[in-house]
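Participant: File follows, run.cif with mmCIF, C-alpha atoms:
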```
data_start
loop_
_atom_site.label_atom_id
_atom_site.label_comp_id
_atom_site.auth_asym_id
_atom_site.auth_seq_id
_atom_site.Cartn_x
_atom_site.Cartn_y
_atom_site.Cartn_z
CA MET A 6 -35.97 0.07 106.27
CA SER A 7 -35.61 -3.55 105.25
CA LEU A 8 -38.40 -5.18 103.29
CA PRO A 9 -39.44 -7.65 106.04
CA THR A 10 -40.33 -4.70 108.33
CA LEU A 11 -42.96 -3.39 105.90
CA ARG A 12 -46.49 -3.75 107.16
CA GLY A 13 -50.00 -3.81 105.79
CA PRO A 14 -50.75 -2.84 102.19
CA ARG A 15 -47.15 -1.92 101.45
CA TRP A 16 -45.95 -5.39 102.33
CA VAL A 17 -48.73 -6.85 100.18
CA ASP A 18 -47.70 -4.73 97.19
CA VAL A 19 -44.04 -5.66 97.57
CA ARG A 20 -44.90 -9.31 98.03
CA VAL A 21 -47.21 -9.46 95.00
CA HIS A 22 -44.73 -7.69 92.72
CA ARG A 23 -41.55 -9.19 94.17
CA THR A 24 -40.55 -10.80 90.84
CA THR A 25 -40.62 -7.45 89.05
CA LEU A 26 -38.81 -5.74 91.91
CA LEU A 27 -36.14 -8.43 92.01
CA ALA A 28 -35.66 -8.15 88.25
CA ALA A 29 -35.38 -4.37 88.51
CA GLY A 30 -32.88 -4.75 91.35
CA ALA A 31 -30.81 -7.16 89.26
CA VAL A 32 -30.74 -4.60 86.42
CA LEU A 33 -29.54 -1.89 88.82
CA VAL A 34 -26.78 -4.11 90.22
CA ALA A 35 -25.72 -5.12 86.70
CA ALA A 36 -25.60 -1.48 85.57
CA VAL A 37 -23.41 -0.44 88.48
CA ALA A 38 -21.16 -3.52 88.15
CA TYR A 39 -20.73 -3.05 84.40
CA THR A 40 -19.90 0.62 84.78
CA GLY A 41 -17.48 -0.02 87.61
CA TRP A 42 -15.73 -2.76 85.61
CA LEU A 43 -15.39 -0.51 82.57
CA ARG A 44 -14.06 2.32 84.73
CA TRP A 45 -11.44 -0.04 86.16
CA ALA A 46 -10.56 -1.37 82.69
CA ALA A 47 -10.11 2.15 81.33
CA SER A 48 -7.51 2.79 84.04
CA ALA A 49 -5.87 -0.63 83.86
CA TYR A 50 -5.57 -0.65 80.07
CA PRO A 51 -4.85 2.93 79.00
CA VAL A 52 -4.44 3.86 75.35
CA SER A 53 -0.77 3.84 74.36
CA ASP A 54 0.83 7.00 72.97
CA ASP A 55 1.44 5.37 69.58
CA ASN A 56 -2.08 3.95 69.30
CA CYS A 57 -3.34 3.79 65.70
CA VAL A 58 -0.19 5.34 64.19
CA VAL A 59 0.08 4.50 60.49
CA GLY A 60 1.95 1.24 60.04
CA LYS A 61 1.31 0.03 63.61
CA PRO A 62 -1.67 -1.99 64.87
CA CYS A 63 -4.23 -0.24 67.07
CA ASP A 64 -4.70 -1.34 70.66
CA SER A 65 -7.85 -3.39 71.03
CA PHE A 66 -10.17 -4.10 73.96
CA LEU A 67 -12.88 -6.67 73.27
CA GLY A 68 -13.00 -5.57 69.66
CA PHE A 69 -13.09 -1.85 70.49
CA ALA A 70 -10.25 0.63 70.06
CA SER A 71 -9.74 0.82 73.83
CA ALA A 72 -11.48 0.34 77.15
CA ARG A 73 -11.88 4.11 77.39
CA TYR A 74 -13.64 4.19 74.02
CA LEU A 75 -16.02 1.42 75.13
CA LEU A 76 -16.67 3.25 78.41
CA ASP A 77 -17.47 6.54 76.70
CA ALA A 78 -19.68 4.86 74.09
CA SER A 79 -21.53 2.93 76.79
CA MET A 80 -22.12 6.06 78.86
CA SER A 81 -23.36 8.00 75.83
CA LYS A 82 -25.89 5.32 74.88
CA GLY A 83 -26.69 4.60 78.51
CA SER A 84 -27.56 8.22 79.21
CA LEU A 85 -30.08 8.17 76.35
CA SER A 86 -31.57 4.91 77.59
CA LEU A 87 -32.23 6.53 80.97
CA LEU A 88 -34.97 8.55 79.29
CA LEU A 89 -36.95 5.29 79.14
CA VAL A 90 -36.94 4.95 82.93
CA PRO A 91 -39.90 7.31 83.59
CA LEU A 92 -41.91 5.60 80.82
CA LEU A 93 -41.30 2.16 82.35
CA ILE A 94 -42.13 3.39 85.84
CA GLY A 95 -45.34 5.05 84.71
CA ALA A 96 -46.46 2.04 82.69
CA PHE A 97 -45.81 -0.37 85.57
CA VAL A 98 -47.62 1.77 88.13
CA ALA A 99 -50.60 2.33 85.84
CA GLY A 100 -50.92 -1.28 84.75
CA PRO A 101 -49.76 -4.05 87.09
CA LEU A 102 -49.80 -1.96 90.28
CA VAL A 103 -53.14 -0.13 90.02
CA ALA A 104 -55.29 -1.01 87.00
CA ARG A 105 -54.86 -4.78 87.22
CA GLU A 106 -56.03 -4.80 90.84
CA LEU A 107 -59.07 -2.71 89.94
CA GLU A 108 -59.78 -4.79 86.83
CA SER A 109 -59.71 -8.05 88.78
CA GLY A 110 -61.67 -6.66 91.75
CA VAL A 111 -58.93 -7.48 94.28
CA HIS A 112 -59.13 -3.91 95.60
CA LYS A 113 -62.55 -4.66 97.11
CA LEU A 114 -60.95 -7.21 99.43
CA SER A 115 -58.45 -4.62 100.65
CA TRP A 116 -61.19 -2.06 101.20
CA THR A 117 -63.09 -4.50 103.43
CA GLN A 118 -60.00 -5.41 105.50
CA SER A 119 -59.84 -2.18 107.52
CA VAL A 120 -57.97 -0.43 104.68
CA SER A 121 -59.82 2.66 103.52
CA PRO A 122 -59.85 3.55 99.81
CA ALA A 123 -57.79 6.67 100.50
CA ARG A 124 -55.16 4.69 102.39
CA TRP A 125 -55.15 2.05 99.67
CA LEU A 126 -54.44 4.65 96.98
CA ALA A 127 -51.90 6.51 99.13
CA THR A 128 -50.04 3.26 99.76
CA LYS A 129 -49.87 2.52 96.03
CA LEU A 130 -48.57 5.99 95.27
CA THR A 131 -45.99 6.27 98.05
CA THR A 132 -44.62 2.78 97.48
CA ALA A 133 -44.26 3.44 93.76
CA ALA A 134 -42.68 6.84 94.36
CA ALA A 135 -40.14 5.45 96.83
CA PHE A 136 -38.98 2.65 94.53
CA ALA A 137 -39.04 4.94 91.49
CA ALA A 138 -36.88 7.60 93.13
CA GLY A 139 -34.48 5.04 94.61
CA GLY A 140 -33.99 3.14 91.37
CA THR A 141 -33.53 6.33 89.36
CA LEU A 142 -30.88 7.58 91.78
CA VAL A 143 -28.94 4.33 91.47
CA LEU A 144 -28.90 4.59 87.67
CA MET A 145 -27.83 8.23 87.89
CA ALA A 146 -25.01 7.19 90.23
CA ALA A 147 -23.91 4.57 87.70
CA LEU A 148 -23.66 7.23 85.00
CA GLN A 149 -21.69 9.52 87.29
CA LEU A 150 -19.36 6.62 88.12
CA GLY A 151 -18.57 6.06 84.46
CA ALA A 152 -18.66 9.58 83.03
CA SER A 153 -17.99 12.05 85.84
CA ASP A 154 -14.66 13.07 84.31
CA THR A 155 -15.87 13.27 80.71
CA ILE A 156 -19.29 14.96 80.88
CA GLY A 157 -18.91 18.35 79.25
CA ARG A 158 -15.57 17.36 77.70
CA GLN A 159 -16.60 14.64 75.24
CA TRP A 160 -18.47 15.60 72.07
CA ASN A 161 -21.04 12.87 72.72
CA LEU A 162 -21.38 13.64 76.44
CA HIS A 163 -22.11 17.36 76.40
CA TRP A 164 -23.84 18.64 79.51
CA ALA A 165 -26.83 19.89 77.46
CA ASP A 166 -27.35 16.65 75.48
CA ARG A 167 -30.58 14.72 75.90
CA GLY A 168 -30.04 12.01 78.47
CA VAL A 169 -26.90 13.54 79.94
CA TYR A 170 -28.78 16.66 80.98
CA GLU A 171 -31.62 14.72 82.63
CA ALA A 172 -29.37 12.20 84.38
CA THR A 173 -26.94 14.67 85.93
CA GLY A 174 -29.46 16.70 87.90
CA PRO A 175 -32.66 16.30 89.93
CA VAL A 176 -34.90 16.52 86.88
CA LEU A 177 -34.75 12.78 86.08
CA VAL A 178 -35.96 11.95 89.60
CA ALA A 179 -38.74 14.50 89.11
CA TYR A 180 -39.71 12.79 85.85
CA SER A 181 -39.87 9.44 87.67
CA LEU A 182 -42.04 10.87 90.46
CA PHE A 183 -44.30 12.50 87.89
CA ALA A 184 -44.60 9.20 86.03
CA ALA A 185 -45.54 7.39 89.26
CA ALA A 186 -48.24 9.97 90.06
CA LEU A 187 -49.54 10.00 86.48
CA GLY A 188 -49.61 6.20 86.38
CA THR A 189 -51.62 6.12 89.59
CA LEU A 190 -54.15 8.59 88.18
CA ILE A 191 -54.52 6.93 84.78
CA GLY A 192 -54.56 3.42 86.23
CA PHE A 193 -57.36 4.35 88.60
CA ALA A 194 -59.27 6.26 85.92
CA VAL A 195 -58.99 3.67 83.13
CA ARG A 196 -59.09 0.42 85.16
CA ARG A 197 -57.80 -1.59 82.20
CA THR A 198 -54.25 -2.87 82.49
CA LEU A 199 -53.01 -2.64 78.90
CA LEU A 200 -54.88 0.55 78.06
CA ALA A 201 -53.61 2.25 81.22
CA MET A 202 -50.02 1.27 80.42
CA VAL A 203 -50.25 2.59 76.85
CA ALA A 204 -51.92 5.83 77.90
CA THR A 205 -49.41 6.51 80.67
CA GLY A 206 -46.46 5.77 78.42
CA PHE A 207 -47.84 8.08 75.74
CA VAL A 208 -48.51 10.99 78.10
CA THR A 209 -45.17 10.59 79.89
CA GLY A 210 -43.36 10.50 76.56
CA LEU A 211 -45.25 13.57 75.42
CA VAL A 212 -44.18 15.48 78.53
CA LEU A 213 -40.57 14.33 78.07
CA TRP A 214 -40.63 15.51 74.46
CA GLY A 215 -42.39 18.79 75.18
CA LEU A 216 -40.22 19.89 78.10
CA GLY A 217 -37.12 18.68 76.28
CA ASN A 218 -37.91 21.04 73.42
CA ALA A 219 -38.94 23.94 75.65
CA ARG A 220 -36.38 23.79 78.46
CA TRP A 221 -33.73 26.00 76.86
CA HIS A 222 -36.33 28.72 76.35
CA LEU A 223 -37.08 28.87 80.08
CA VAL A 224 -33.98 30.98 80.71
CA PRO A 225 -32.90 33.93 78.53
CA VAL A 226 -29.89 33.25 76.32
CA GLN A 227 -26.72 35.26 76.36
CA THR A 228 -25.67 36.89 73.09
CA ALA A 229 -22.13 37.46 71.88
CA THR A 230 -21.22 39.55 68.83
CA GLY A 231 -18.10 40.60 66.97
CA PRO A 232 -16.83 41.98 63.66
CA ALA A 233 -16.75 39.63 60.70
CA THR A 234 -16.22 39.42 56.96
CA GLU A 235 -17.47 37.01 54.34
CA GLU A 236 -14.20 35.11 54.58
CA LYS A 237 -14.05 35.05 58.39
CA SER A 238 -17.36 34.97 60.20
CA PHE A 239 -17.04 32.16 62.77
CA PRO A 240 -17.75 33.23 66.40
CA THR A 241 -14.70 33.57 68.64
CA GLY A 242 -14.23 34.06 72.35
CA ILE A 243 -17.25 31.93 73.36
CA PRO A 244 -16.77 29.73 76.47
CA TRP A 245 -15.75 26.33 75.14
CA ASN A 246 -18.44 24.36 76.97
CA SER A 247 -21.36 26.63 76.07
CA PHE A 248 -24.54 25.41 74.40
CA SER A 249 -25.26 27.26 71.17
CA MET A 250 -28.89 28.09 70.40
CA ASP A 251 -28.38 30.16 67.26
CA GLN A 252 -25.50 31.68 65.34
CA GLY A 253 -25.11 33.60 62.12
CA VAL A 254 -24.03 36.93 60.68
CA THR A 255 -25.35 40.49 60.52
CA ASN A 256 -25.19 43.34 58.04
CA ALA A 257 -24.54 47.02 58.75
CA ALA A 258 -28.17 47.53 59.80
CA GLY A 259 -27.96 44.70 62.33
CA ASP A 260 -30.20 42.32 60.40
CA ARG A 261 -29.50 38.70 61.20
CA PHE A 262 -29.14 36.09 58.49
CA TYR A 263 -27.24 32.93 57.64
CA ALA A 264 -24.37 33.31 55.22
CA TRP A 265 -24.82 29.92 53.57
CA GLN A 266 -28.45 30.74 52.78
CA CYS A 267 -27.82 34.19 51.34
CA LEU A 268 -24.36 34.15 49.76
CA PRO A 269 -23.18 34.35 47.05
CA LYS A 270 -26.85 34.82 46.18
CA PRO A 271 -30.08 34.20 48.12
CA GLN A 272 -31.32 30.64 47.87
CA HIS A 273 -34.92 29.91 47.03
CA GLY A 274 -37.14 29.41 50.08
CA PHE A 275 -34.93 31.30 52.54
CA SER A 276 -35.44 34.82 53.88
CA CYS A 277 -32.52 37.17 53.28
CA PRO A 278 -32.20 40.94 53.83
CA ALA A 279 -31.68 43.25 50.86
CA ASP A 280 -28.16 43.98 52.11
CA THR A 281 -26.16 40.78 52.50
CA GLU A 282 -22.78 42.36 53.15
CA ILE A 283 -21.39 40.74 56.29
CA THR A 284 -20.18 43.15 58.97
CA GLY A 285 -20.47 41.04 62.12
CA TRP A 286 -21.31 37.69 63.68
CA TYR A 287 -23.61 36.76 66.54
CA MET A 288 -24.25 33.75 68.75
CA ASP A 289 -27.09 33.11 71.19
CA TYR A 290 -25.90 30.60 73.76
CA HIS A 291 -26.35 29.18 77.23
CA PRO A 292 -23.24 29.12 79.39
CA ARG A 293 -22.57 26.14 81.65
CA SER A 294 -23.93 28.12 84.62
CA HIS A 295 -27.45 27.98 83.12
CA PHE A 296 -27.55 24.22 83.70
CA TRP A 297 -28.77 24.50 87.28
CA HIS A 298 -31.15 27.35 86.50
CA VAL A 299 -32.95 25.23 83.92
CA GLN A 300 -32.77 22.09 86.07
CA LEU A 301 -34.49 23.74 89.02
CA ILE A 302 -37.20 25.36 86.89
CA GLU A 303 -37.96 22.12 85.04
CA THR A 304 -37.92 20.13 88.28
CA GLY A 305 -40.41 22.57 89.79
CA ILE A 306 -42.71 22.18 86.78
CA LEU A 307 -42.60 18.40 87.00
CA LEU A 308 -43.23 18.31 90.75
CA ALA A 309 -46.19 20.65 90.24
CA LEU A 310 -47.55 18.30 87.57
CA ALA A 311 -47.00 15.33 89.90
CA ALA A 312 -48.87 17.12 92.69
CA ALA A 313 -51.72 17.93 90.29
CA ALA A 314 -51.95 14.30 89.16
CA THR A 315 -51.97 13.12 92.79
CA TYR A 316 -54.71 15.58 93.70
CA ALA A 317 -56.77 14.52 90.68
CA ALA A 318 -56.39 10.84 91.62
CA PHE A 319 -57.70 11.41 95.15
CA ARG A 320 -60.56 13.59 93.87
CA LEU A 321 -61.56 10.83 91.47
CA LEU A 322 -61.33 8.28 94.26
CA ARG A 323 -63.58 10.37 96.48
CA ARG A 324 -66.13 10.76 93.69
CA ARG A 325 -66.25 7.04 92.92
CA THR A 326 -66.44 5.91 96.54
CA ALA A 327 -68.84 8.60 97.78
#
```
What is this structure when it is put down as C-alpha cells?
Facilitator:
Amino acid sequence: MSLPTLRGPRWVDVRVHRTTLLAAGAVLVAAVAYTGWLRWAASAYPVSDDNCVVGKPCDSFLGFASARYLLDASMSKGSLSLLLVPLLIGAFVAGPLVARELESGVHKLSWTQSVSPARWLATKLTTAAAFAAGGTLVLMAALQLGASDTIGRQWNLHWADRGVYEATGPVLVAYSLFAAALGTLIGFAVRRTLLAMVATGFVTGLVLWGLGNARWHLVPVQTATGPATEEKSFPTGIPWNSFSMDQGVTNAAGDRFYAWQCLPKPQHGFSCPADTEITGWYMDYHPRSHFWHVQLIETGILLALAAAATYAAFRLLRRRTA
C-alpha cells in the first residue's frame, strides 16, 4: 500500500512524522547500498595469494587490508549495532508518537473528530508495528546480503554471537514489535515525552540484556566427554561450529573442575576436589541445530510480552476514558 492511500489517523501520523520516517528510510537505503557495494568490491578486488608475504607489500583497499576484510568488519560491527534498533523504535513510539500528543493535548482533537480513543490507540500501535517490522526486516536483509557466506565461519561472525544471533532469525523482529507495544503502553501511562522515551529505552534494554543472558539456558545442552591426561585434556570430536557453554576436566570420581585453577596446586579462591588427577574431559555445548529451537522459544516469549503490553495499554485507556 502506498503512503498516499492511507486514510484517517494513520495518514495523520505518517504526515506528522514524515521527516523522521524519511530519515529512517534514508538510513535503510544507505545500509543496503553500502553493503551491496562492499559485497561487489570483495568480489571485484579479491585478496591475492601472496598478500602480506614477508618482503612484499600488502594489498590495500581504502586503508584496509582488503575489501573482504572491510566487509567482514562492517558486518560484525553492524550486527551489534542492530541491537539498538528495538531501543530506538521503543523510544520513538513512546515519546514523539504517543506521549507528545498526550502532553500537548492534541489527542483530544482526534477524539472529538469521530475517532474513538480505542481506535486512536490501535492506530498508533499498528502503524508503529508495521514500520518497525518493515524497517527491521530491511536491516536484517542487509546483513544477510553482506555476511550470508561468512556467518558461522568467521570468528567474529559466529551464529551464537550477540547481534548475529538476533539478526539472523525472527527474534529481532519480535524485539521490535515488543518495543513498539511497550512504547505505546509507557507513552500512554507516563504522558511525558522525555520521561517516556527514557523509561522505554531502559525497559527494552533490560529485556534485551536479560533474555540475551538466559536464552542458552532455554534448551538443554549436549555434553561430550572423553579420556584425558594432564598433558592432553582439550576436547576433541566436537562439531566445529558448536557453541561451548562450559568445558573442563574430571577426575576418576567424575568430579568436574578446571585444570588451570587446580593444577599444579589449587589456587586461592577456587573450588577444587580433593583428587585433582585428570582422567577425562567434558564439554557442554549447543550444536548449530539448537539455533532455531532457541529462536522460536525466545520469539514466543517476546510476542507474549508484546501482547501483554498491548492488553495493558487498552485496559489503561479504558480506565482513563471511562
Participant: Figure out the distance between atom CA of Leu177 of chain A and atom CA of Val21 of chain A, please, to one decimal in Å.
Facilitator: 27.0 Å
Participant: Give me the residues near segment 227-238 of chain A as a list of chain:residue names, where near means some atom within 8 Å (using all atoms listed in the file) and where sequence neighbours in that chain fewer than 6 positions away do not count.
Facilitator: A:Val254, A:Ala264, A:Glu282, A:Ile283, A:Thr284, A:Gly285, A:Trp286, A:Tyr287, A:Met288, A:Asp289, A:Tyr290, A:His291, A:Pro292
Participant: Here's the selection I'm unsure about, the PyMOL selection byres ((chain A and resi 162-175) around 9); applied to the file above, which residues does it give, as a ChimeraX atom specification?
Facilitator: /A:77,80-88,141-142,144-146,148-149,152,155-161,176-180,217,246-248,293,296-297,300-301,304
Participant: Do you have the atom CA of Ala311 of chain A-atom CA of Leu182 of chain A distance handy?
Facilitator: 6.7 Å
Participant: Please, what distance in Å, to one decimal, runs between atom CA of Ala147 of chain A and atom CA of Leu75 of chain A?
Facilitator: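 About the pair atom CA of Ala147 of chain A and atom CA of Leu75 of chain A: they are 15.2 Å apart.
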Participant: For the file shown, report as a ChimeraX atom specification the outcome of the PyMOL selection byres ((chain A and resi 279) around 12) at residue level.
Facilitator: /A:255-258,260-262,267-268,270-271,276-278,280-283
Participant: So, counting all atoms listed in the file, which residue among A:Ile243, A:Ala123, A:Val90, A:Leu76 is closest to Leu33 of chain A?
Facilitator: A:Val90
Participant: Give me, as a ChimeraX atom specification, all polymer residues having an atom no more than 7 Å from Ala99 of chain A, counting only C-alpha atoms and skipping those fewer than 6 positions away in the same chain.
Facilitator: /A:188-189,191-192,201-202,205
Participant: I need every residue sitting at most 7 Å from the point (-45.9, 2.0, 81.1) (coordinates as in the file, all atoms listed in the file considered), written as number ranges by chain.
Facilitator: A: 92-97, 99, 202-203, 205-206
Participant: So, counting only C-alpha atoms, which residue among A:Ile302, A:Ala104, A:Gly274, A:Ala49 is closest to Ala219 of chain A?
Facilitator: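 Ranking A:Ile302, A:Ala104, A:Gly274, A:Ala49 by distance to Ala219 of chain A, first place goes to A:Ile302.
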Participant: Name the closest residue to Arg124 of chain A among the candidates A:Phe319, A:Leu187, A:Gln266, A:Ala194; distances are taken between atoms, counting only C-alpha atoms.
Facilitator: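 Checking each candidate against Arg124 of chain A, we get A:Phe319 as the closest.
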Participant: A:Leu200, A:Ala133, A:Ala186, A:Leu67: which is nearest Arg15 of chain A, counting all atoms listed in the file?
Facilitator: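 The closest residue to Arg15 of chain A is A:Ala133.
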Participant: Missing atoms in segment 245-266 of chain A: can you complete it with N, CA, C and O atoms, as a PDB file, in the coordinates of the input?
Facilitator:
```
ATOM      1  N   TRP A 245     -15.852  27.557  75.922  1.00  0.00           N
ATOM      2  CA  TRP A 245     -15.750  26.330  75.140  1.00  0.00           C
ATOM      3  C   TRP A 245     -16.846  25.314  75.434  1.00  0.00           C
ATOM      4  O   TRP A 245     -17.200  24.504  74.586  1.00  0.00           O
ATOM      5  N   ASN A 246     -17.417  25.352  76.634  1.00  0.00           N
ATOM      6  CA  ASN A 246     -18.440  24.360  76.970  1.00  0.00           C
ATOM      7  C   ASN A 246     -19.838  24.957  76.941  1.00  0.00           C
ATOM      8  O   ASN A 246     -20.749  24.451  77.595  1.00  0.00           O
ATOM      9  N   SER A 247     -20.040  26.014  76.179  1.00  0.00           N
ATOM     10  CA  SER A 247     -21.360  26.630  76.070  1.00  0.00           C
ATOM     11  C   SER A 247     -22.261  25.807  75.153  1.00  0.00           C
ATOM     12  O   SER A 247     -21.799  24.981  74.369  1.00  0.00           O
ATOM     13  N   PHE A 248     -23.549  26.070  75.238  1.00  0.00           N
ATOM     14  CA  PHE A 248     -24.540  25.410  74.400  1.00  0.00           C
ATOM     15  C   PHE A 248     -25.130  26.428  73.447  1.00  0.00           C
ATOM     16  O   PHE A 248     -25.847  27.348  73.843  1.00  0.00           O
ATOM     17  N   SER A 249     -24.824  26.287  72.171  1.00  0.00           N
ATOM     18  CA  SER A 249     -25.260  27.260  71.170  1.00  0.00           C
ATOM     19  C   SER A 249     -26.715  27.045  70.795  1.00  0.00           C
ATOM     20  O   SER A 249     -27.131  25.931  70.481  1.00  0.00           O
ATOM     21  N   MET A 250     -27.490  28.121  70.819  1.00  0.00           N
ATOM     22  CA  MET A 250     -28.890  28.090  70.400  1.00  0.00           C
ATOM     23  C   MET A 250     -29.077  28.603  68.977  1.00  0.00           C
ATOM     24  O   MET A 250     -29.929  28.138  68.247  1.00  0.00           O
ATOM     25  N   ASP A 251     -28.262  29.591  68.599  1.00  0.00           N
ATOM     26  CA  ASP A 251     -28.380  30.160  67.260  1.00  0.00           C
ATOM     27  C   ASP A 251     -27.103  30.941  66.974  1.00  0.00           C
ATOM     28  O   ASP A 251     -26.524  31.560  67.880  1.00  0.00           O
ATOM     29  N   GLN A 252     -26.647  30.891  65.743  1.00  0.00           N
ATOM     30  CA  GLN A 252     -25.500  31.680  65.340  1.00  0.00           C
ATOM     31  C   GLN A 252     -25.595  32.006  63.859  1.00  0.00           C
ATOM     32  O   GLN A 252     -26.175  31.262  63.084  1.00  0.00           O
ATOM     33  N   GLY A 253     -25.073  33.158  63.506  1.00  0.00           N
ATOM     34  CA  GLY A 253     -25.110  33.600  62.120  1.00  0.00           C
ATOM     35  C   GLY A 253     -24.349  34.892  61.965  1.00  0.00           C
ATOM     36  O   GLY A 253     -23.427  35.181  62.743  1.00  0.00           O
ATOM     37  N   VAL A 254     -24.729  35.676  60.974  1.00  0.00           N
ATOM     38  CA  VAL A 254     -24.030  36.930  60.680  1.00  0.00           C
ATOM     39  C   VAL A 254     -25.044  38.066  60.601  1.00  0.00           C
ATOM     40  O   VAL A 254     -26.254  37.844  60.532  1.00  0.00           O
ATOM     41  N   THR A 255     -24.513  39.287  60.613  1.00  0.00           N
ATOM     42  CA  THR A 255     -25.350  40.490  60.520  1.00  0.00           C
ATOM     43  C   THR A 255     -24.774  41.425  59.464  1.00  0.00           C
ATOM     44  O   THR A 255     -23.581  41.368  59.132  1.00  0.00           O
ATOM     45  N   ASN A 256     -25.654  42.288  58.955  1.00  0.00           N
ATOM     46  CA  ASN A 256     -25.190  43.340  58.040  1.00  0.00           C
ATOM     47  C   ASN A 256     -25.029  44.647  58.814  1.00  0.00           C
ATOM     48  O   ASN A 256     -25.161  44.667  60.046  1.00  0.00           O
ATOM     49  N   ALA A 257     -24.786  45.737  58.093  1.00  0.00           N
ATOM     50  CA  ALA A 257     -24.540  47.020  58.750  1.00  0.00           C
ATOM     51  C   ALA A 257     -25.755  47.504  59.532  1.00  0.00           C
ATOM     52  O   ALA A 257     -25.622  48.219  60.536  1.00  0.00           O
ATOM     53  N   ALA A 258     -26.950  47.114  59.108  1.00  0.00           N
ATOM     54  CA  ALA A 258     -28.170  47.530  59.800  1.00  0.00           C
ATOM     55  C   ALA A 258     -28.487  46.654  61.004  1.00  0.00           C
ATOM     56  O   ALA A 258     -29.437  46.925  61.739  1.00  0.00           O
ATOM     57  N   GLY A 259     -27.712  45.603  61.216  1.00  0.00           N
ATOM     58  CA  GLY A 259     -27.960  44.700  62.330  1.00  0.00           C
ATOM     59  C   GLY A 259     -28.910  43.573  62.036  1.00  0.00           C
ATOM     60  O   GLY A 259     -29.288  42.824  62.951  1.00  0.00           O
ATOM     61  N   ASP A 260     -29.311  43.418  60.772  1.00  0.00           N
ATOM     62  CA  ASP A 260     -30.200  42.320  60.400  1.00  0.00           C
ATOM     63  C   ASP A 260     -29.462  40.986  60.477  1.00  0.00           C
ATOM     64  O   ASP A 260     -28.355  40.841  59.971  1.00  0.00           O
ATOM     65  N   ARG A 261     -30.109  40.021  61.077  1.00  0.00           N
ATOM     66  CA  ARG A 261     -29.500  38.700  61.200  1.00  0.00           C
ATOM     67  C   ARG A 261     -29.849  37.839  59.984  1.00  0.00           C
ATOM     68  O   ARG A 261     -30.975  37.872  59.487  1.00  0.00           O
ATOM     69  N   PHE A 262     -28.886  37.059  59.547  1.00  0.00           N
ATOM     70  CA  PHE A 262     -29.140  36.090  58.490  1.00  0.00           C
ATOM     71  C   PHE A 262     -28.031  35.044  58.522  1.00  0.00           C
ATOM     72  O   PHE A 262     -27.046  35.167  59.259  1.00  0.00           O
ATOM     73  N   TYR A 263     -28.215  34.006  57.715  1.00  0.00           N
ATOM     74  CA  TYR A 263     -27.240  32.930  57.640  1.00  0.00           C
ATOM     75  C   TYR A 263     -26.497  33.032  56.315  1.00  0.00           C
ATOM     76  O   TYR A 263     -27.117  33.054  55.247  1.00  0.00           O
ATOM     77  N   ALA A 264     -25.178  33.081  56.412  1.00  0.00           N
ATOM     78  CA  ALA A 264     -24.370  33.310  55.220  1.00  0.00           C
ATOM     79  C   ALA A 264     -24.597  32.252  54.153  1.00  0.00           C
ATOM     80  O   ALA A 264     -24.720  32.558  52.963  1.00  0.00           O
ATOM     81  N   TRP A 265     -24.701  30.993  54.555  1.00  0.00           N
ATOM     82  CA  TRP A 265     -24.820  29.920  53.570  1.00  0.00           C
ATOM     83  C   TRP A 265     -26.158  29.952  52.839  1.00  0.00           C
ATOM     84  O   TRP A 265     -26.290  29.399  51.748  1.00  0.00           O
ATOM     85  N   GLN A 266     -27.157  30.627  53.448  1.00  0.00           N
ATOM     86  CA  GLN A 266     -28.450  30.740  52.780  1.00  0.00           C
ATOM     87  C   GLN A 266     -28.505  31.919  51.809  1.00  0.00           C
ATOM     88  O   GLN A 266     -29.304  31.900  50.865  1.00  0.00           O
TER      89      GLN A 266
END
```
